[in-house]
Every structure is written in C-alpha cells, then in structure tokens.
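J.: Structure: start-v9.pdb, PDB, C-alpha atoms.
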ATOM      1  CA  MET A   1     -34.106  27.677  35.918
ATOM      2  CA  THR A   2     -34.736  26.549  32.337
ATOM      3  CA  ARG A   3     -32.610  29.394  30.980
ATOM      4  CA  TRP A   4     -29.769  28.430  33.339
ATOM      5  CA  LEU A   5     -29.959  24.807  32.182
ATOM      6  CA  ARG A   6     -29.859  25.869  28.519
ATOM      7  CA  MET A   7     -26.778  27.998  29.169
ATOM      8  CA  THR A   8     -25.125  25.136  31.073
ATOM      9  CA  PHE A   9     -25.794  22.619  28.263
ATOM     10  CA  ALA A  10     -24.501  25.109  25.710
ATOM     11  CA  CYS A  11     -21.251  25.599  27.631
ATOM     12  CA  VAL A  12     -20.787  21.835  28.049
ATOM     13  CA  PHE A  13     -21.384  21.293  24.294
ATOM     14  CA  VAL A  14     -18.847  23.975  23.361
ATOM     15  CA  LEU A  15     -16.308  22.465  25.754
ATOM     16  CA  MET A  16     -16.857  18.945  24.390
ATOM     17  CA  PHE A  17     -16.526  20.188  20.806
ATOM     18  CA  ALA A  18     -13.279  21.970  21.672
ATOM     19  CA  VAL A  19     -11.878  18.832  23.306
ATOM     20  CA  VAL A  20     -12.813  16.617  20.315
ATOM     21  CA  THR A  21     -11.378  19.141  17.879
ATOM     22  CA  ASN A  22      -8.166  19.285  19.875
ATOM     23  CA  LEU A  23      -7.915  15.495  19.936
ATOM     24  CA  ALA A  24      -8.241  15.100  16.182
ATOM     25  CA  GLN A  25      -5.967  17.477  14.319
ATOM     26  CA  THR A  26      -5.783  16.913  10.560
ATOM     27  CA  GLU A  27      -3.282  18.588   8.249
ATOM     28  CA  ASP A  28      -4.528  19.253   4.712
ATOM     29  CA  GLY A  29      -1.802  18.236   2.269
ATOM     30  CA  GLY A  30      -3.766  19.210  -0.837
ATOM     31  CA  GLU A  31      -4.106  17.260  -4.058
ATOM     32  CA  LEU A  32      -1.699  14.606  -5.317
ATOM     33  CA  GLU A  33      -1.019  14.427  -9.056
ATOM     34  CA  ASP A  34       0.860  11.917 -11.184
ATOM     35  CA  GLY A  35       4.621  12.097 -10.683
ATOM     36  CA  GLU A  36       4.557  15.143  -8.406
ATOM     37  CA  THR A  37       6.234  15.020  -4.990
ATOM     38  CA  VAL A  38       4.610  17.024  -2.185
ATOM     39  CA  ASP A  39       6.824  18.131   0.705
ATOM     40  CA  ILE A  40       4.969  18.701   3.951
ATOM     41  CA  GLU A  41       6.130  19.410   7.512
ATOM     42  CA  VAL A  42       3.750  18.867  10.416
ATOM     43  CA  SER A  43       3.812  19.309  14.159
ATOM     44  CA  GLU A  44       1.488  17.665  16.652
ATOM     45  CA  VAL A  45      -1.141  16.458  14.183
ATOM     46  CA  ASP A  46      -2.925  13.114  14.125
ATOM     47  CA  THR A  47      -3.486  12.771  10.383
ATOM     48  CA  ILE A  48      -2.183  14.156   7.103
ATOM     49  CA  GLU A  49      -4.835  14.124   4.395
ATOM     50  CA  PHE A  50      -4.448  14.309   0.611
ATOM     51  CA  ILE A  51      -6.929  13.900  -2.219
ATOM     52  CA  TYR A  52      -6.600  12.305  -5.650
ATOM     53  CA  ASP A  53      -9.089  12.562  -8.504
ATOM     54  CA  GLY A  54      -9.134   9.043  -9.936
ATOM     55  CA  GLU A  55     -10.975   7.012 -12.532
ATOM     56  CA  GLU A  56     -12.110   3.409 -12.509
ATOM     57  CA  GLY A  57      -9.274   1.132 -13.597
ATOM     58  CA  ASP A  58      -6.490   3.619 -12.801
ATOM     59  CA  VAL A  59      -3.456   1.902 -11.264
ATOM     60  CA  ILE A  60      -1.534   4.002  -8.737
ATOM     61  CA  THR A  61       1.472   3.731  -6.458
ATOM     62  CA  ILE A  62       1.908   6.065  -3.468
ATOM     63  CA  ILE A  63       5.256   6.392  -1.689
ATOM     64  CA  VAL A  64       5.832   8.115   1.679
ATOM     65  CA  GLU A  65       9.284   9.139   2.929
ATOM     66  CA  ALA A  66       9.654  10.505   6.461
ATOM     67  CA  SER A  67      12.732  12.563   7.368
ATOM     68  CA  ASP A  68      13.135  10.754  10.689
ATOM     69  CA  SER A  69      13.968   7.079  10.161
ATOM     70  CA  GLU A  70      12.214   6.270  13.460
ATOM     71  CA  THR A  71       8.849   7.621  12.293
ATOM     72  CA  ASP A  72       6.487   4.669  11.818
ATOM     73  CA  THR A  73       3.365   5.479   9.798
ATOM     74  CA  ARG A  74       0.489   3.784   8.011
ATOM     75  CA  LEU A  75      -1.010   4.805   4.675
ATOM     76  CA  ILE A  76      -4.744   4.489   4.006
ATOM     77  CA  LEU A  77      -6.644   4.938   0.742
ATOM     78  CA  LEU A  78     -10.397   5.664   0.954
ATOM     79  CA  ASP A  79     -12.922   5.915  -1.838
ATOM     80  CA  GLU A  80     -15.456   8.731  -2.259
ATOM     81  CA  ASP A  81     -17.825   7.056   0.214
ATOM     82  CA  GLY A  82     -15.123   6.776   2.869
ATOM     83  CA  ASP A  83     -14.704   3.018   2.431
ATOM     84  CA  GLU A  84     -11.185   1.602   2.674
ATOM     85  CA  VAL A  85      -9.659   0.559  -0.647
ATOM     86  CA  ALA A  86      -6.164  -0.323   0.594
ATOM     87  CA  THR A  87      -3.848   0.197   3.539
ATOM     88  CA  ASP A  88      -0.142  -0.407   4.258
ATOM     89  CA  ASP A  89       2.404   0.273   6.973
ATOM     90  CA  PHE A  90       5.836  -1.055   5.909
ATOM     91  CA  SER A  91       6.102  -1.672   2.160
ATOM     92  CA  GLY A  92       8.245   1.416   1.597
ATOM     93  CA  SER A  93      11.828   2.035   2.691
ATOM     94  CA  GLY A  94      12.567   1.342   6.344
ATOM     95  CA  LEU A  95       9.443   1.977   8.409
ATOM     96  CA  ASN A  96       7.724   3.935   5.649
ATOM     97  CA  PRO A  97       4.480   2.770   4.013
ATOM     98  CA  ALA A  98       3.777   2.438   0.294
ATOM     99  CA  LEU A  99       0.668   1.475  -1.632
ATOM    100  CA  VAL A 100       1.853  -0.376  -4.741
ATOM    101  CA  ARG A 101      -0.113  -0.867  -7.982
ATOM    102  CA  ILE A 102      -3.539  -0.330  -6.455
ATOM    103  CA  VAL A 103      -6.390  -0.601  -8.987
ATOM    104  CA  LEU A 104      -9.088   2.012  -8.369
ATOM    105  CA  PRO A 105     -12.575   0.466  -8.306
ATOM    106  CA  GLU A 106     -14.555   3.511  -9.508
ATOM    107  CA  ASP A 107     -14.449   7.133 -10.617
ATOM    108  CA  GLY A 108     -14.287   9.693  -7.831
ATOM    109  CA  GLU A 109     -12.251  11.729  -5.388
ATOM    110  CA  TYR A 110     -10.062   9.467  -3.270
ATOM    111  CA  THR A 111      -8.728  10.373   0.164
ATOM    112  CA  ILE A 112      -5.182   9.432   1.177
ATOM    113  CA  LEU A 113      -4.391   9.446   4.890
ATOM    114  CA  ILE A 114      -1.052   9.234   6.703
ATOM    115  CA  GLU A 115      -1.240   8.311  10.384
ATOM    116  CA  ASP A 116       1.185   7.193  13.066
ATOM    117  CA  TRP A 117       1.211   3.411  13.458
ATOM    118  CA  ASP A 118       0.942   3.710  17.260
ATOM    119  CA  GLU A 119      -1.739   6.441  16.986
ATOM    120  CA  LEU A 120       0.660   9.071  18.283
ATOM    121  CA  GLU A 121       0.927  12.621  16.979
ATOM    122  CA  LEU A 122       2.981  13.222  13.852
ATOM    123  CA  ASP A 123       5.901  15.610  14.227
ATOM    124  CA  ASP A 124       8.112  15.274  11.167
ATOM    125  CA  SER A 125       8.532  16.284   7.540
ATOM    126  CA  PHE A 126       7.436  13.991   4.699
ATOM    127  CA  GLU A 127       7.829  13.550   0.956
ATOM    128  CA  VAL A 128       4.709  12.041  -0.615
ATOM    129  CA  THR A 129       4.652  10.959  -4.272
ATOM    130  CA  LEU A 130       1.860   9.425  -6.349
ATOM    131  CA  TYR A 131       2.547   7.655  -9.640
ATOM    132  CA  GLU A 132       0.099   6.400 -12.227
ATOM    133  CA  VAL A 133       1.595   3.038 -13.212
ATOM    134  CA  ASP A 134       0.916  -0.004 -15.385
ATOM    135  CA  LEU A 135      -0.840  -3.156 -14.270
ATOM    136  CA  LEU A 136       1.632  -6.023 -14.532
ATOM    137  CA  ASP A 137      -0.141  -8.954 -16.216
ATOM    138  CA  LEU A 138       1.618 -12.329 -16.260
ATOM    139  CA  ASN A 139      -0.817 -13.577 -18.910
ATOM    140  CA  ASP A 140       0.718 -11.068 -21.327
ATOM    141  CA  ASP A 141       4.385 -11.833 -20.691
ATOM    142  CA  ALA A 142       7.069 -12.308 -18.041
ATOM    143  CA  GLN A 143       7.295  -9.327 -15.703
ATOM    144  CA  THR A 144      10.405  -7.771 -14.130
ATOM    145  CA  VAL A 145      10.361  -5.558 -11.035
ATOM    146  CA  GLU A 146      12.996  -3.896  -8.861
ATOM    147  CA  ILE A 147      12.328  -4.105  -5.126
ATOM    148  CA  GLY A 148      14.232  -3.849  -1.869
ATOM    149  CA  ASP A 149      14.850  -0.171  -1.126
ATOM    150  CA  GLU A 150      12.298   2.500  -2.010
ATOM    151  CA  ILE A 151       9.635  -0.165  -2.434
ATOM    152  CA  GLN A 152       9.799  -3.527  -0.677
ATOM    153  CA  LEU A 153       6.659  -5.003  -2.229
ATOM    154  CA  GLU A 154       5.397  -5.433  -5.796
ATOM    155  CA  ARG A 155       2.205  -6.794  -7.319
ATOM    156  CA  MET A 156       1.241  -8.496 -10.574
ATOM    157  CA  ILE A 157      -1.848 -10.406 -11.718
ATOM    158  CA  LEU A 158      -2.553 -13.778 -13.320
ATOM    159  CA  GLU A 159      -5.889 -15.005 -14.670
ATOM    160  CA  VAL A 160      -6.394 -18.699 -13.880
ATOM    161  CA  GLU A 161      -8.867 -21.499 -14.563
ATOM    162  CA  GLU A 162     -10.222 -23.932 -12.001
ATOM    163  CA  ASP A 163      -8.232 -27.164 -11.490
ATOM    164  CA  GLU A 164      -5.463 -26.056 -13.870
ATOM    165  CA  THR A 165      -1.800 -26.341 -12.780
ATOM    166  CA  TYR A 166       0.520 -23.331 -13.084
ATOM    167  CA  PHE A 167       4.295 -23.144 -12.680
ATOM    168  CA  LEU A 168       5.860 -19.892 -11.496
ATOM    169  CA  PHE A 169       9.552 -19.224 -12.190
ATOM    170  CA  PHE A 170      11.554 -16.523 -10.397
ATOM    171  CA  ARG A 171      14.908 -15.302 -11.700
ATOM    172  CA  MET A 172      16.910 -12.750  -9.709
ATOM    173  CA  SER A 173      19.581 -10.355 -10.938
ATOM    174  CA  ASP A 174      21.736 -11.510  -8.011
ATOM    175  CA  VAL A 175      21.612 -14.002  -5.172
ATOM    176  CA  ALA A 176      18.845 -12.943  -2.769
ATOM    177  CA  GLU A 177      20.566 -11.929   0.467
ATOM    178  CA  SER A 178      17.268 -11.194   2.233
ATOM    179  CA  VAL A 179      14.158 -13.378   2.240
ATOM    180  CA  VAL A 180      11.814 -13.120  -0.744
ATOM    181  CA  TYR A 181       8.176 -13.765   0.171
ATOM    182  CA  VAL A 182       5.590 -14.744  -2.443
ATOM    183  CA  ASP A 183       1.866 -14.622  -1.665
ATOM    184  CA  LEU A 184      -0.952 -15.621  -4.007
ATOM    185  CA  LEU A 185      -4.172 -13.767  -3.254
ATOM    186  CA  PHE A 186      -7.503 -14.584  -4.870
ATOM    187  CA  GLU A 187     -10.033 -11.725  -4.804
ATOM    188  CA  ASP A 188      -8.261 -10.032  -1.857
ATOM    189  CA  ASP A 189      -8.090 -13.225   0.226
ATOM    190  CA  PHE A 190      -5.139 -15.556   0.645
ATOM    191  CA  PHE A 191      -5.419 -17.999  -2.223
ATOM    192  CA  ALA A 192      -5.330 -21.552  -0.856
ATOM    193  CA  ALA A 193      -3.147 -20.203   1.968
ATOM    194  CA  THR A 194      -0.298 -20.070  -0.552
ATOM    195  CA  ARG A 195       2.844 -18.420   0.767
ATOM    196  CA  VAL A 196       6.357 -19.442  -0.132
ATOM    197  CA  SER A 197       9.701 -17.882   0.729
ATOM    198  CA  PHE A 198      13.271 -18.323  -0.408
ATOM    199  CA  THR A 199      16.710 -16.798   0.102
ATOM    200  CA  GLY A 200      20.339 -17.441  -0.848
ATOM    201  CA  THR A 201      19.528 -18.265  -4.475
ATOM    202  CA  ASP A 202      19.079 -16.479  -7.796
ATOM    203  CA  THR A 203      16.406 -18.863  -9.160
ATOM    204  CA  TYR A 204      13.282 -20.407  -7.681
ATOM    205  CA  ALA A 205      10.139 -22.156  -8.923
ATOM    206  CA  PHE A 206       6.953 -23.678  -7.578
ATOM    207  CA  ALA A 207       3.604 -24.941  -8.865
ATOM    208  CA  PHE A 208       0.018 -24.550  -7.693
ATOM    209  CA  VAL A 209      -3.435 -25.719  -8.748
ATOM    210  CA  ALA A 210      -6.163 -23.093  -9.125
ATOM    211  CA  ASP A 211      -9.196 -23.715  -6.919
ATOM    212  CA  ASP A 212     -11.486 -21.523  -9.001
ATOM    213  CA  ASP A 213     -11.711 -19.371 -12.110
ATOM    214  CA  GLY A 214     -10.595 -15.798 -11.564
ATOM    215  CA  VAL A 215      -7.706 -13.392 -11.188
ATOM    216  CA  ILE A 216      -4.882 -13.988  -8.722
ATOM    217  CA  THR A 217      -2.774 -11.161  -7.359
ATOM    218  CA  LEU A 218       0.826 -12.251  -6.878
ATOM    219  CA  GLU A 219       2.623 -10.247  -4.190
ATOM    220  CA  LEU A 220       6.424 -10.190  -4.006
ATOM    221  CA  ALA A 221       8.014  -8.846  -0.828
ATOM    222  CA  TYR A 222      11.736  -8.314  -0.315
ATOM    223  CA  SER A 223      12.377  -6.661   3.057
ATOM    224  CA  SER A 224      15.833  -5.146   2.821
ATOM    225  CA  PHE A 225      16.525  -2.574   5.514
ATOM    226  CA  ASP A 226      20.127  -2.060   4.398
ATOM    227  CA  GLY A 227      19.195  -0.631   0.988
ATOM    228  CA  ASP A 228      19.853  -3.846  -0.922
ATOM    229  CA  GLU A 229      17.877  -3.896  -4.199
ATOM    230  CA  ILE A 230      17.221  -6.782  -6.527
ATOM    231  CA  ASP A 231      15.570  -7.306  -9.917
ATOM    232  CA  ILE A 232      13.128 -10.218  -9.996
ATOM    233  CA  THR A 233      11.664 -11.597 -13.216
ATOM    234  CA  VAL A 234       8.507 -13.682 -12.847
ATOM    235  CA  GLU A 235       7.346 -16.011 -15.592
ATOM    236  CA  VAL A 236       4.377 -18.377 -15.652
ATOM    237  CA  ASP A 237       4.091 -21.633 -17.559
ATOM    238  CA  GLN A 238       1.128 -23.933 -17.905
ATOM    239  CA  PRO A 239       1.755 -27.497 -19.042
ATOM    240  CA  GLU A 240      -0.165 -28.733 -22.091
TER     241      GLU A 240
END
Here is a file; write its structure as structure tokens.

T.:
Amino acid sequence: MTRWLRMTFACVFVLMFAVVTNLAQTEDGGELEDGETVDIEVSEVDTIEFIYDGEEGDVITIIVEASDSETDTRLILLDEDGDEVATDDFSGSGLNPALVRIVLPEDGEYTILIEDWDELELDDSFEVTLYEVDLLDLNDDAQTVEIGDEIQLERMILEVEEDETYFLFFRMSDVAESVVYVDLLFEDDFFAATRVSFTGTDTYAFAFVADDDGVITLELAYSSFDGDEIDITVEVDQPE
C-alpha cells in the first residue's frame, strides 16, 4: 500500500511539474551590450529574458520594437536579487515599451524581461536595443531632448534645496501638436503631486517650491502615435 502511494504521489508531482513548466515558457534572448540590437522571434512564450552586466551608476536606455503594431508589451528591469528596478509599458513607439535613462543602483547582472501587457503568450518578432547613455543634469546646463517617435518619454535630474523657488522653461523646436506632460518626481514618488501639461505652443514655463533637499527627476512625455517628433530644451532658473 505504501509503495503504491509513493508511486501515486510521484506521478502527481511529475504531472504538476509538467503543467507548471508548460504554463511558464521563457525564451532566453542572451546578453544585451551597449549599442547592439538583438533580433528575436518567439512563438507561444510567456516571457523573453535578457541579461546585462551593469555597474553602479551606469545609465541605460532599453528600446523594444515589435514587428506587429498590435503587440502590447511591458518591459521590466530586475537587479541581481530579483528586485524590480524599473518597469514600463508604453514609452516607446506605438504600444512598445522603453526604459529611458535608468540609473543602476549597484554592480551586478541585471535581468530584462519582456512580457505581454495582458499576460497573453508572445507570438511575434522583436528588435531589442540597449544603450549606455548620459545622465541629463539641469544643474550643469540646459538640456535638449528629442521625443515623440522612437521614445515618447525622457528624463533629467535637478538637485534642489528646501523652500527654494525654481522656474522651469521649455522651448520647443516647433509648436507642440500633441500634449506634452511634465512630472516632477522626488525619490521615485510624485513630488508635491506636480504634473503640468501643455499643447499648441512652442514655449512654456512654470515655477515650483521644493519641499525638501534632494534630487528631483523631471519626466517629459510626448505621446505622438503618428510619428511626430519634437525637440524640447529645458532650462532652470532660480531667482536671487
């Protein structure tokens, strides 16, 4: 009787393992390196996984391009311990994700995952590119970025002091046909719930008062699904 039970449990375990394995199919995309595009075609997989050997302070941008414009994916960056560093689902062209100017918190092997937004199986071909990029610091100088097609979001930083007032000026290369969104984030949280938006102009400005000492991340989003690109120059001024 005992032997029969052991055999039964063993068969059930094997069956459960086979079912779990079948439900979670991962495609190994290999290693991503600076400036190199990896082409990968998958069929009926849940996740595409890449690795990147990074160092603390590295700044990277990862762009995903699906062949099918209807493919809706999310992009996830995990550190060596499996903790989430960043995620995105629509900052690339169309429905594609992009992680833009992400600062790596430590040395180690990072995991990059591509998954379907609706948790469906992936059945498409993809181009995946990783770039090592510069950190855009508004304390150094005005910063100019091009957004709207391949990348619909950009990031730059600004170190601020508590209770100080800062003016931000935005100058566009052309009149913004789509809406430009500006978010100020303080240590990964929305800074004083600050979000502004504007459209139909080539210049814009607003002021804010810093609630604390620290570094603000300024996010610029320009969602243009018709391929419209625009150059935006951001400059900060602090009154004497």

J.: Select, from A:Leu122, A:Leu75, A:Ala66, A:Leu104, the residue with the minimum atom-to-atom distance to A:Val45, counting only C-alpha atoms.

T.: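 Between A:Leu122, A:Leu75, A:Ala66, A:Leu104, the residue approaching A:Val45 most closely is A:Leu122.
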
J.: Evaluate the PyMOL selection byres ((chain A and resi 41) around 9) on the structure here and hand back the selected residues as a list of chain:residue names.

T.: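 For this structure, the PyMOL selection byres ((chain A and resi 41) around 9) captures A:Asp39, A:Ile40, A:Val42, A:Ser43, A:Asp123, A:Asp124, A:Ser125, A:Phe126, A:Glu127.
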
J.: Point out the residue among A:Ser223, A:Ser197, A:Thr233, A:Gln25 with the least atom-to-atom distance to A:Asp141, counting all atoms listed in the file.

T.: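 Using all atoms listed in the file, A:Asp141 sits closest to A:Thr233.
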
J.: Evaluate the PyMOL selection byres ((chain A and resi 81-83) around 10) and record the selected residues as an NGL selection string, following the chain and residue labels used in the document.

T.: :A and (77-80 or 84-86 or 108-111)

J.: Name the closest residue to A:Ile114 among the candidates A:Asp28, A:Leu168, A:Val180, A:Leu158; distances are taken between atoms, counting only C-alpha atoms.

T.: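 Going through A:Asp28, A:Leu168, A:Val180, A:Leu158 one by one, the smallest distance to A:Ile114 is for A:Asp28.
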
J.: Please write the residues picked by the PyMOL selection byres ((chain A and resi 232) around 7) on this file as a PyMOL selection string.

T.: chain A and resi 144-146+170-173+230-231+233-234

J.: Residues of the last selection are to be written out with C-alpha atoms, as an mmCIF file, keeping the file's coordinate frame.

T.:
data_model
loop_
_atom_site.group_PDB
_atom_site.id
_atom_site.type_symbol
_atom_site.label_atom_id
_atom_site.label_comp_id
_atom_site.auth_asym_id
_atom_site.auth_seq_id
_atom_site.Cartn_x
_atom_site.Cartn_y
_atom_site.Cartn_z
ATOM 1 C CA THR A 144 10.405 -7.771 -14.130
ATOM 2 C CA VAL A 145 10.361 -5.558 -11.035
ATOM 3 C CA GLU A 146 12.996 -3.896 -8.861
ATOM 4 C CA PHE A 170 11.554 -16.523 -10.397
ATOM 5 C CA ARG A 171 14.908 -15.302 -11.700
ATOM 6 C CA MET A 172 16.910 -12.750 -9.709
ATOM 7 C CA SER A 173 19.581 -10.355 -10.938
ATOM 8 C CA ILE A 230 17.221 -6.782 -6.527
ATOM 9 C CA ASP A 231 15.570 -7.306 -9.917
ATOM 10 C CA THR A 233 11.664 -11.597 -13.216
ATOM 11 C CA VAL A 234 8.507 -13.682 -12.847
#

J.: Pick from A:Ile216, A:Val209, A:Val59, A:Ile157: nearest to A:Leu130, with all atoms listed in the file counted?

T.: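 For A:Leu130, the nearest of the given residues is A:Val59.
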
J.: Given the point (0.0, -21.9, -7.2) in the file's coordinates, find the residues that have an atom at most 12 Å from it, counting only C-alpha atoms, and give them as a ChimeraX atom specification.

T.: /A:158-169,182-186,190-196,205-212,216-218,236-238

J.: Can those selected residues be exported to a file as a PDB file, in the coordinates of the input so that it contains C-alpha atoms?

T.:
ATOM      1  CA  LEU A 158      -2.553 -13.778 -13.320  1.00  0.00           C
ATOM      2  CA  GLU A 159      -5.889 -15.005 -14.670  1.00  0.00           C
ATOM      3  CA  VAL A 160      -6.394 -18.699 -13.880  1.00  0.00           C
ATOM      4  CA  GLU A 161      -8.867 -21.499 -14.563  1.00  0.00           C
ATOM      5  CA  GLU A 162     -10.222 -23.932 -12.001  1.00  0.00           C
ATOM      6  CA  ASP A 163      -8.232 -27.164 -11.490  1.00  0.00           C
ATOM      7  CA  GLU A 164      -5.463 -26.056 -13.870  1.00  0.00           C
ATOM      8  CA  THR A 165      -1.800 -26.341 -12.780  1.00  0.00           C
ATOM      9  CA  TYR A 166       0.520 -23.331 -13.084  1.00  0.00           C
ATOM     10  CA  PHE A 167       4.295 -23.144 -12.680  1.00  0.00           C
ATOM     11  CA  LEU A 168       5.860 -19.892 -11.496  1.00  0.00           C
ATOM     12  CA  PHE A 169       9.552 -19.224 -12.190  1.00  0.00           C
ATOM     13  CA  VAL A 182       5.590 -14.744  -2.443  1.00  0.00           C
ATOM     14  CA  ASP A 183       1.866 -14.622  -1.665  1.00  0.00           C
ATOM     15  CA  LEU A 184      -0.952 -15.621  -4.007  1.00  0.00           C
ATOM     16  CA  LEU A 185      -4.172 -13.767  -3.254  1.00  0.00           C
ATOM     17  CA  PHE A 186      -7.503 -14.584  -4.870  1.00  0.00           C
ATOM     18  CA  PHE A 190      -5.139 -15.556   0.645  1.00  0.00           C
ATOM     19  CA  PHE A 191      -5.419 -17.999  -2.223  1.00  0.00           C
ATOM     20  CA  ALA A 192      -5.330 -21.552  -0.856  1.00  0.00           C
ATOM     21  CA  ALA A 193      -3.147 -20.203   1.968  1.00  0.00           C
ATOM     22  CA  THR A 194      -0.298 -20.070  -0.552  1.00  0.00           C
ATOM     23  CA  ARG A 195       2.844 -18.420   0.767  1.00  0.00           C
ATOM     24  CA  VAL A 196       6.357 -19.442  -0.132  1.00  0.00           C
ATOM     25  CA  ALA A 205      10.139 -22.156  -8.923  1.00  0.00           C
ATOM     26  CA  PHE A 206       6.953 -23.678  -7.578  1.00  0.00           C
ATOM     27  CA  ALA A 207       3.604 -24.941  -8.865  1.00  0.00           C
ATOM     28  CA  PHE A 208       0.018 -24.550  -7.693  1.00  0.00           C
ATOM     29  CA  VAL A 209      -3.435 -25.719  -8.748  1.00  0.00           C
ATOM     30  CA  ALA A 210      -6.163 -23.093  -9.125  1.00  0.00           C
ATOM     31  CA  ASP A 211      -9.196 -23.715  -6.919  1.00  0.00           C
ATOM     32  CA  ASP A 212     -11.486 -21.523  -9.001  1.00  0.00           C
ATOM     33  CA  ILE A 216      -4.882 -13.988  -8.722  1.00  0.00           C
ATOM     34  CA  THR A 217      -2.774 -11.161  -7.359  1.00  0.00           C
ATOM     35  CA  LEU A 218       0.826 -12.251  -6.878  1.00  0.00           C
ATOM     36  CA  VAL A 236       4.377 -18.377 -15.652  1.00  0.00           C
ATOM     37  CA  ASP A 237       4.091 -21.633 -17.559  1.00  0.00           C
ATOM     38  CA  GLN A 238       1.128 -23.933 -17.905  1.00  0.00           C
TER      39      GLN A 238
END

J.: Can you work out the spacing between atom CA of A:Asp118 and atom CA of A:Gly35 in Å, to one decimal?

T.: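 Interatomic distance here is 29.4 Å.
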